[in-house]
$ cat run.cif   # mmCIF, C-alpha atoms and all ligand atoms
data_start
#
loop_
_atom_site.label_atom_id
_atom_site.label_comp_id
_atom_site.auth_asym_id
_atom_site.auth_seq_id
_atom_site.Cartn_x
_atom_site.Cartn_y
_atom_site.Cartn_z
CA MET A 1 0.00 0.00 0.00
CA THR A 2 1.24 3.50 -0.79
CA ARG A 3 2.72 5.25 2.24
CA VAL A 4 1.77 8.92 2.54
CA PHE A 5 3.23 11.47 4.97
CA SER A 6 2.37 15.14 5.37
CA GLY A 7 2.44 17.80 8.06
CA ILE A 8 1.55 21.35 9.01
CA LYS A 9 3.46 23.53 11.44
CA PRO A 10 1.82 25.35 14.35
CA THR A 11 2.92 28.83 13.32
CA GLY A 12 -0.51 30.42 13.11
CA HIS A 13 -4.20 29.75 12.62
CA LEU A 14 -4.98 27.40 9.75
CA THR A 15 -5.92 29.11 6.51
CA LEU A 16 -8.13 28.36 3.57
CA GLY A 17 -4.85 27.70 1.69
CA ASN A 18 -3.85 24.97 4.15
CA TYR A 19 -7.31 23.45 3.80
CA LEU A 20 -7.66 23.52 0.01
CA GLY A 21 -3.98 22.80 -0.67
CA ALA A 22 -3.53 20.05 1.89
CA LEU A 23 -5.97 19.06 4.61
CA ARG A 24 -9.15 18.56 2.63
CA ARG A 25 -7.42 16.18 0.27
CA TRP A 26 -5.75 14.30 3.12
CA ALA A 27 -9.16 13.68 4.64
CA GLU A 28 -11.19 13.01 1.49
CA VAL A 29 -8.68 11.12 -0.61
CA ASP A 30 -5.28 10.27 0.86
CA GLN A 31 -6.26 8.58 4.09
CA HIS A 32 -8.61 6.22 2.24
CA ARG A 33 -6.29 5.16 -0.56
CA SER A 34 -3.05 4.85 1.40
CA ASP A 35 -1.36 4.09 4.66
CA ALA A 36 -1.11 7.69 5.82
CA LEU A 37 0.59 9.68 8.58
CA PHE A 38 -0.42 13.26 9.35
CA CYS A 39 1.74 15.27 11.66
CA VAL A 40 1.69 18.49 13.66
CA VAL A 41 5.27 19.43 12.83
CA ASP A 42 5.92 21.48 15.93
CA LEU A 43 9.74 21.44 15.77
CA HIS A 44 9.52 23.37 12.50
CA ALA A 45 7.64 26.13 14.33
CA LEU A 46 10.76 26.84 16.38
CA THR A 47 12.76 27.90 13.32
CA VAL A 48 11.41 31.45 13.55
CA GLU A 49 10.76 33.79 16.46
CA HIS A 50 8.15 32.05 18.63
CA ASP A 51 6.28 32.29 21.89
CA PRO A 52 6.36 28.94 23.76
CA GLU A 53 2.81 29.15 25.12
CA ARG A 54 1.46 30.09 21.69
CA VAL A 55 3.18 27.16 19.99
CA ARG A 56 1.67 24.80 22.58
CA ARG A 57 -1.78 26.31 22.11
CA LEU A 58 -1.56 26.23 18.31
CA SER A 59 -0.31 22.63 18.37
CA ARG A 60 -3.38 21.56 20.32
CA GLN A 61 -5.63 23.57 18.04
CA LEU A 62 -3.99 22.16 14.92
CA ALA A 63 -4.42 18.57 16.10
CA THR A 64 -8.06 19.30 16.91
CA LEU A 65 -8.57 20.81 13.47
CA PHE A 66 -6.96 17.80 11.81
CA LEU A 67 -9.74 15.71 13.31
CA ALA A 68 -12.40 18.37 12.63
CA CYS A 69 -11.39 18.32 8.96
CA GLY A 70 -12.10 14.61 8.84
CA LEU A 71 -8.82 12.83 9.55
CA ASP A 72 -9.85 9.56 11.13
CA PRO A 73 -7.38 8.31 13.76
CA ASP A 74 -8.61 4.76 13.21
CA VAL A 75 -7.66 4.96 9.55
CA SER A 76 -4.54 7.14 9.60
CA THR A 77 -1.81 8.00 12.11
CA VAL A 78 -2.25 11.47 13.59
CA PHE A 79 0.57 12.67 15.83
CA VAL A 80 2.94 15.40 16.97
CA GLN A 81 6.46 15.46 15.53
CA SER A 82 8.28 16.17 18.80
CA HIS A 83 6.66 13.09 20.40
CA VAL A 84 8.66 10.84 18.07
CA PRO A 85 12.42 11.28 18.59
CA GLU A 86 13.23 9.47 15.32
CA HIS A 87 12.63 12.73 13.42
CA THR A 88 15.53 14.56 15.06
CA ARG A 89 17.66 11.44 15.20
CA LEU A 90 17.41 11.08 11.44
CA SER A 91 17.63 14.77 10.73
CA TYR A 92 21.24 14.82 11.94
CA LEU A 93 22.24 12.05 9.56
CA LEU A 94 20.63 13.96 6.70
CA GLU A 95 22.54 17.10 7.67
CA CYS A 96 25.61 14.92 7.20
CA THR A 97 24.32 13.96 3.75
CA ALA A 98 23.25 17.40 2.47
CA THR A 99 25.48 20.35 1.58
CA ASP A 100 25.16 23.89 2.87
CA GLY A 101 24.76 25.09 -0.74
CA GLU A 102 21.67 22.94 -1.15
CA MET A 103 20.12 24.43 1.96
CA ARG A 104 20.91 28.02 0.99
CA ARG A 105 19.25 27.57 -2.39
CA MET A 106 15.84 26.86 -0.86
CA ILE A 107 13.32 29.57 -1.76
CA GLN A 108 11.52 29.27 1.57
CA TYR A 109 14.79 29.86 3.44
CA LYS A 110 15.53 32.96 1.38
CA GLU A 111 12.03 34.35 1.88
CA LYS A 112 11.72 33.62 5.59
CA ALA A 113 15.27 34.73 6.36
CA ALA A 114 14.61 38.03 4.58
CA LEU A 115 11.40 38.44 6.60
CA GLU A 116 13.18 37.79 9.91
CA ARG A 117 15.88 40.31 9.02
CA ALA A 118 13.29 42.88 7.95
CA ARG A 119 11.65 42.50 11.37
CA GLY A 120 15.00 43.34 12.90
CA GLY A 121 15.57 39.79 14.16
CA SER A 122 18.34 37.32 13.49
CA VAL A 123 18.05 34.14 11.46
CA ARG A 124 18.04 30.89 13.42
CA LEU A 125 20.40 28.18 12.18
CA SER A 126 17.44 25.78 12.24
CA LEU A 127 15.73 27.85 9.52
CA LEU A 128 18.60 26.93 7.23
CA THR A 129 18.62 23.24 8.21
CA TYR A 130 14.80 22.99 8.18
CA PRO A 131 14.74 20.95 4.92
CA ALA A 132 16.94 18.25 6.53
CA LEU A 133 14.37 17.83 9.31
CA MET A 134 11.56 17.85 6.76
CA ALA A 135 13.41 15.21 4.75
CA ALA A 136 13.73 13.17 7.96
CA ASP A 137 9.97 13.52 8.58
CA ILE A 138 9.36 12.01 5.16
CA LEU A 139 12.15 9.43 4.87
CA ALA A 140 11.76 7.94 8.37
CA TYR A 141 8.46 6.36 7.31
CA GLY A 142 9.42 4.96 3.91
CA THR A 143 7.07 7.53 2.39
CA ASP A 144 6.10 7.15 -1.27
CA GLU A 145 4.01 10.30 -1.64
CA VAL A 146 3.91 13.70 0.03
CA PRO A 147 0.66 15.58 -0.62
CA VAL A 148 1.62 19.26 -0.25
CA GLY A 149 0.82 22.59 -1.85
CA ASP A 150 3.27 23.56 -4.56
CA ASP A 151 5.24 25.88 -2.22
CA GLN A 152 6.69 22.71 -0.69
CA THR A 153 7.70 20.82 -3.83
CA GLN A 154 11.29 22.14 -3.70
CA HIS A 155 11.72 20.69 -0.20
CA VAL A 156 10.34 17.33 -1.32
CA GLU A 157 12.76 17.37 -4.28
CA LEU A 158 15.59 17.83 -1.80
CA ALA A 159 14.31 14.93 0.30
CA ARG A 160 14.41 12.82 -2.88
CA ASP A 161 17.99 13.88 -3.62
CA LEU A 162 19.08 13.07 -0.06
CA ALA A 163 17.40 9.65 -0.17
CA VAL A 164 19.12 8.78 -3.44
CA ARG A 165 22.53 10.04 -2.21
CA PHE A 166 22.29 8.22 1.12
CA ASN A 167 21.27 4.99 -0.62
CA GLN A 168 24.15 5.26 -3.08
CA ARG A 169 26.76 5.98 -0.43
CA TYR A 170 25.66 3.74 2.40
CA GLY A 171 23.38 1.12 0.88
CA GLU A 172 19.66 0.92 0.15
CA THR A 173 17.94 2.42 3.21
CA PHE A 174 15.27 4.91 2.10
CA VAL A 175 12.30 4.89 -0.25
CA VAL A 176 12.61 7.79 -2.73
CA PRO A 177 9.47 9.93 -2.21
CA ARG A 178 7.61 12.18 -4.63
CA ALA A 179 5.53 15.33 -4.11
CA ASN A 180 1.90 15.23 -5.06
CA PRO A 181 0.38 18.74 -5.32
CA PRO A 182 -3.38 19.10 -5.87
CA ALA A 183 -4.77 19.78 -9.38
CA VAL A 184 -6.59 22.97 -8.31
CA ALA A 185 -5.75 25.36 -5.43
CA ALA A 186 -2.15 24.20 -5.20
CA ARG A 187 -1.39 27.79 -4.26
CA VAL A 188 -4.17 29.91 -2.79
CA MET A 189 -3.08 33.54 -2.90
CA ASN A 190 -3.45 36.33 -0.36
CA LEU A 191 -6.70 38.22 -0.98
CA GLN A 192 -5.02 41.59 -0.41
CA ASP A 193 -1.91 40.73 -2.42
CA PRO A 194 -2.77 38.06 -4.97
CA THR A 195 0.82 37.78 -6.15
CA SER A 196 1.90 36.29 -2.82
CA LYS A 197 0.80 33.07 -1.14
CA MET A 198 -1.87 33.02 1.59
CA GLY A 199 0.16 31.92 4.63
CA LYS A 200 -0.79 31.36 8.25
CA SER A 201 2.12 33.33 9.70
CA GLU A 202 1.13 36.46 7.77
CA ALA A 203 1.25 39.62 9.91
CA SER A 204 -2.02 41.03 8.58
CA ALA A 205 -5.20 38.95 8.65
CA ALA A 206 -7.07 41.03 6.05
CA GLY A 207 -6.05 38.91 3.07
CA VAL A 208 -6.08 35.57 4.88
CA VAL A 209 -9.23 33.49 5.45
CA HIS A 210 -8.83 31.38 8.57
CA LEU A 211 -10.61 28.09 9.03
CA LEU A 212 -12.17 29.31 12.25
CA ASP A 213 -13.25 32.75 10.98
CA GLU A 214 -16.91 33.53 11.63
CA PRO A 215 -19.08 33.48 8.46
CA ASP A 216 -19.38 37.26 8.40
CA VAL A 217 -15.64 37.70 8.72
CA VAL A 218 -15.13 35.29 5.80
CA ARG A 219 -17.68 37.21 3.72
CA SER A 220 -16.15 40.58 4.42
CA LYS A 221 -12.58 39.41 3.66
CA ILE A 222 -13.64 37.93 0.32
CA LEU A 223 -15.87 40.87 -0.65
CA ARG A 224 -12.93 43.19 0.02
CA ALA A 225 -10.46 41.10 -1.96
CA VAL A 226 -8.22 43.12 -4.27
CA THR A 227 -9.30 42.65 -7.88
CA ASP A 228 -7.68 43.66 -11.15
CA SER A 229 -8.12 46.47 -13.65
CA GLY A 230 -10.76 45.97 -16.34
CA ARG A 231 -14.14 44.35 -15.78
CA GLU A 232 -14.03 41.08 -17.60
CA VAL A 233 -13.92 37.91 -15.54
CA VAL A 234 -11.15 35.76 -17.07
CA HIS A 235 -8.82 33.16 -15.65
CA ASP A 236 -5.32 34.49 -16.30
CA ARG A 237 -2.87 34.36 -13.40
CA GLU A 238 -0.47 36.83 -15.02
CA ALA A 239 -2.89 39.51 -16.18
CA LYS A 240 -5.61 39.02 -13.54
CA PRO A 241 -4.11 37.49 -10.40
CA GLY A 242 -6.90 38.65 -8.05
CA VAL A 243 -9.79 37.40 -10.18
CA SER A 244 -7.93 34.17 -11.00
CA ASN A 245 -7.40 33.49 -7.31
CA LEU A 246 -11.13 33.90 -6.62
CA LEU A 247 -11.99 31.65 -9.56
CA GLU A 248 -9.62 28.99 -8.27
CA ILE A 249 -10.99 29.19 -4.75
CA LEU A 250 -14.56 28.96 -6.04
CA SER A 251 -13.79 26.07 -8.36
CA SER A 252 -11.97 24.25 -5.61
CA CYS A 253 -15.04 24.64 -3.37
CA THR A 254 -17.62 23.67 -5.98
CA GLY A 255 -15.65 21.20 -8.07
CA GLY A 256 -15.84 23.16 -11.37
CA ASN A 257 -12.88 24.34 -13.39
CA PRO A 258 -11.67 27.96 -13.21
CA GLU A 259 -11.71 28.64 -16.99
CA ALA A 260 -15.25 27.37 -17.39
CA LEU A 261 -16.42 29.27 -14.30
CA ALA A 262 -15.00 32.52 -15.65
CA GLY A 263 -17.53 32.39 -18.50
CA VAL A 264 -20.42 32.29 -16.04
CA TYR A 265 -19.68 35.67 -14.41
CA GLU A 266 -20.36 39.09 -15.83
CA SER A 267 -18.97 41.11 -12.92
CA TYR A 268 -16.32 40.88 -10.21
CA GLY A 269 -19.00 41.59 -7.62
CA ALA A 270 -21.06 38.52 -8.51
CA LEU A 271 -17.95 36.33 -8.49
CA LYS A 272 -16.96 37.60 -5.04
CA LYS A 273 -20.43 37.04 -3.65
CA ASP A 274 -20.61 33.43 -4.83
CA THR A 275 -17.05 32.72 -3.71
CA ALA A 276 -17.80 34.07 -0.24
CA GLU A 277 -20.91 31.90 0.08
CA ALA A 278 -19.09 28.81 -1.21
CA VAL A 279 -16.30 29.25 1.34
CA VAL A 280 -18.74 29.85 4.21
CA GLU A 281 -20.55 26.66 3.25
CA LEU A 282 -17.30 24.72 2.96
CA LEU A 283 -16.11 25.77 6.42
CA GLU A 284 -19.40 25.32 8.26
CA PRO A 285 -19.10 21.56 9.00
CA VAL A 286 -15.41 21.89 9.96
CA GLN A 287 -16.22 24.63 12.46
CA ALA A 288 -19.13 22.66 13.92
CA LYS A 289 -16.97 19.56 14.40
CA HIS A 290 -14.16 21.66 15.89
CA LYS A 291 -16.56 23.03 18.48
CA GLU A 292 -17.64 19.51 19.39
CA LEU A 293 -14.07 18.30 19.77
CA CYS A 294 -13.09 21.28 21.94
CA ALA A 295 -15.58 20.05 24.49
CA ASP A 296 -13.56 16.83 24.84
CA PRO A 297 -9.83 17.70 24.96
CA GLY A 298 -9.03 14.35 26.60
CA TYR A 299 -10.06 12.61 23.39
CA VAL A 300 -7.62 14.60 21.23
CA GLU A 301 -4.82 13.96 23.73
CA GLU A 302 -5.49 10.24 23.63
CA VAL A 303 -5.48 10.24 19.82
CA LEU A 304 -2.08 11.95 19.83
CA MET A 305 -0.65 9.50 22.33
CA ARG A 306 -1.80 6.52 20.28
CA GLY A 307 -0.56 8.18 17.10
CA ALA A 308 2.93 8.81 18.51
CA GLU A 309 3.28 5.20 19.62
CA ARG A 310 2.25 3.91 16.23
CA ALA A 311 4.48 6.38 14.39
CA ARG A 312 7.49 5.55 16.52
CA ALA A 313 7.09 1.84 15.90
CA MET A 314 7.01 2.56 12.16
CA ALA A 315 10.02 4.90 12.09
CA ARG A 316 12.40 3.22 14.48
CA PRO A 317 13.61 0.22 12.44
CA ARG A 318 14.47 2.36 9.42
CA VAL A 319 16.22 5.04 11.45
CA ASP A 320 18.17 2.38 13.36
CA ALA A 321 19.20 0.88 10.02
CA ALA A 322 20.33 4.31 8.80
CA TYR A 323 22.47 4.78 11.95
CA GLU A 324 24.19 1.51 11.30
CA ALA A 325 24.57 2.06 7.54
CA ILE A 326 26.28 5.43 8.01
CA GLY A 327 28.91 3.93 10.29
CA LEU A 328 27.67 4.24 13.87
CA LEU A 329 28.03 1.40 16.36
CA PRO A 330 24.70 -0.08 17.39
CA PRO A 331 24.18 0.21 21.17
CA GLY A 332 24.55 -3.14 22.94
P1 LIG B 1 3.79 29.47 7.25
O1 LIG B 1 3.35 30.80 6.76
O2 LIG B 1 4.14 29.44 8.69
O3 LIG B 1 4.86 28.83 6.39
P2 LIG B 1 1.80 27.95 5.83
O4 LIG B 1 0.40 28.47 5.77
O5 LIG B 1 2.65 28.11 4.60
O6 LIG B 1 2.49 28.55 7.12
P3 LIG B 1 2.80 25.27 6.28
O7 LIG B 1 2.73 24.66 7.63
O8 LIG B 1 4.10 25.83 5.78
O9 LIG B 1 1.68 26.40 6.21
O10 LIG B 1 2.28 24.24 5.19
C1 LIG B 1 1.27 23.29 5.46
C2 LIG B 1 0.67 22.75 4.19
O11 LIG B 1 -0.23 23.71 3.61
C3 LIG B 1 1.69 22.42 3.10
O12 LIG B 1 1.25 21.27 2.42
C4 LIG B 1 1.61 23.60 2.19
O13 LIG B 1 2.01 23.29 0.87
C5 LIG B 1 0.11 23.93 2.25
N1 LIG B 1 -0.14 25.34 1.96
C6 LIG B 1 0.27 26.38 2.71
N2 LIG B 1 -0.17 27.53 2.18
C7 LIG B 1 -0.87 27.19 1.06
C8 LIG B 1 -1.57 27.95 0.07
N3 LIG B 1 -1.63 29.27 0.13
N4 LIG B 1 -2.18 27.29 -0.93
C9 LIG B 1 -2.14 25.94 -1.00
N5 LIG B 1 -1.48 25.16 -0.10
C10 LIG B 1 -0.86 25.78 0.92
MG MG B 2 4.75 27.53 4.69
#

$ encode --input "run.cif" --output "structure tokens"
Amino acid sequence: MTRVFSGIKPTGHLTLGNYLGALRRWAEVDQHRSDALFCVVDLHALTVEHDPERVRRLSRQLATLFLACGLDPDVSTVFVQSHVPEHTRLSYLLECTATDGEMRRMIQYKEKAALERARGGSVRLSLLTYPALMAADILAYGTDEVPVGDDQTQHVELARDLAVRFNQRYGETFVVPRANPPAVAARVMNLQDPTSKMGKSEASAAGVVHLLDEPDVVRSKILRAVTDSGREVVHDREAKPGVSNLLEILSSCTGGNPEALAGVYESYGALKKDTAEAVVELLEPVQAKHKELCADPGYVEEVLMRGAERARAMARPRVDAAYEAIGLLPPG
């Protein structure tokens, strides 16, 4: 059976981008067709300036939302990265496999490092080595496929390269994984700046729809979305990034295709109105389930405990094998 691994880091409140680009597909498709692991990748949240209490709170919320979005802990393994020490154990070996040039070339590193510097902060070393830990997340489980939005495909490519290199140098140890971005909504854009990605650690919430936003907040964010010059509704990411983003969101909610949908609308206003209603409808069941789960925090905790045990049992033999292959003495 295909092994699937994916994760989200607790750096902010989940966005519509996280849902359409990752979570919805995990719940509706991936967990049913594969042996899947879904992870709150909390160690990755420490790569940028963070508040300890906030990371803890967001980790709990993220795990709860995983379940609210439909991940079924009886079907897939839902867990927290820091509960399974194999991730960091393997990450070090992959740092010994990767080069610093490879890490510095990563677009996410360049963007996030620039952001940290612009805020007057310094850049944590872990931000640079982040892709080695992400590769460890993936490779520890013999993952075949990584369902991620297309902002993460470069990191998955690096995980592939490291798997191949390690196998060539030290013997066949890792499965070589591949990224699997969604057909539509692989990159939901910020509503206020449709040339940049909608991200959960964005400073301003105006262009970001959060999964737990009240219906009226969702409506007002979408109705105020920046649109493009002209009046014609066409799907063209270059010429009309704002309108194209709305068309992609709407088609991802309703199942249509963005080009065909464009022909249906005569004004930006009508497109915004329908997009807002489609998103409100999409989020309604997730929010209701989230509320239910919040009333029973013990249940989520128990799911995470079971998930970590299962994950550890899956990761340990391969990571132990990697330790031996690379030249370390097995203990005892
Ligand atoms: P941050 O701003 O802290 O990087 P993020 O919103 O980018 O947060 P991640 O934890 O980096 O979220 O990524 C979680 C998953 O969500 C990944 O699979 C990523 O590809 C996907 N994803 C994130 N943003 C979008 C987006 N705007 N459109 C589609 N998929 C997205
Ligand atoms: Mg991100």

$ residues_around --input "run.cif" --residues "Tyr130 of chain A" --least-positions-apart "5" --cutoff "9 Å" --atoms "only C-alpha atoms" --output "ChimeraX atom specification"
/A:44,47,103,109,125,135

$ closest_residue --input "run.cif" --among "A:Arg56, A:His155, A:Arg160, A:Lys272" --to "Val176 of chain A" --atoms "all atoms listed in the file"
A:Arg160

$ closest_residue --input "run.cif" --among "A:Pro194, A:Pro10, A:Pro331, A:Gly21" --to "ligand LIG 1 (chain B)" --atoms "only C-alpha atoms and all ligand atoms"
A:Gly21

$ atom_distance --input "run.cif" --atom1 "atom CA of Leu133 of chain A" --atom2 "atom CA of Ser204 of chain A"
28.4 Å

$ closest_residue --input "run.cif" --among "A:Pro85, A:Arg165, A:Glu49, A:Lys110" --to "Ser122 of chain A" --atoms "all atoms listed in the file"
A:Glu49

$ residues_near_ligand --input "run.cif" --ligand "ligand LIG 1 (chain B)" --cutoff "8 Å" --atoms "all atoms listed in the file" --output "count of residues only"
39

$ residues_around --input "run.cif" --residues "Ile326 of chain A" --least-positions-apart "4" --cutoff "8 Å" --atoms "only C-alpha atoms" --output "list of chain:residue names"
A:Leu93, A:Tyr170, A:Ala322

$ atom_distance --input "run.cif" --atom1 "atom CA of Met106 of chain A" --atom2 "atom CA of Gln154 of chain A"
7.1 Å

$ closest_residue --input "run.cif" --among "A:Arg306, A:Arg25, A:Arg231, A:Lys112" --to "ligand MG 2 (chain B)" --atoms "only C-alpha atoms and all ligand atoms"
A:Lys112

$ residues_around --input "run.cif" --residues "segment 244-258 of chain A" --least-positions-apart "4" --cutoff "7 Å" --atoms "only C-alpha atoms" --output "ChimeraX atom specification"
/A:184-185,188-189,194,235-237,240,262,275,278-279,282

$ atom_distance --input "run.cif" --atom1 "atom CA of Gly171 of chain A" --atom2 "atom CA of Met1 of chain A"
23.4 Å

$ closest_residue --input "run.cif" --among "A:Ser76, A:Ser196, A:Ile222, A:Ala140" --to "ligand MG 2 (chain B)" --atoms "all atoms listed in the file"
A:Ser196

$ closest_residue --input "run.cif" --among "A:Thr2, A:Thr77, A:Gln108, A:Ser91" --to "ligand MG 2 (chain B)" --atoms "all atoms listed in the file"
A:Gln108

$ axis_aligned_box --input "run.cif" --around "segment 68-86 of chain A" --padding-each-side "4 Å" --output "AutoDock Vina command-line options"
--center_x 0.4 --center_y 11.6 --center_z 14.6 --size_x 33.6 --size_y 21.6 --size_z 19.6

$ residues_around --input "run.cif" --residues "Gly263 of chain A" --least-positions-apart "4" --cutoff "8 Å" --atoms "all atoms listed in the file" --output "number ranges by chain"
A: 233-234, 259

$ residues_around --input "run.cif" --residues "Leu90 of chain A" --least-positions-apart "5" --cutoff "12 Å" --atoms "all atoms listed in the file" --output "ChimeraX atom specification"
/A:84-85,95-97,132-141,162-163,166,173-174,315-324,326
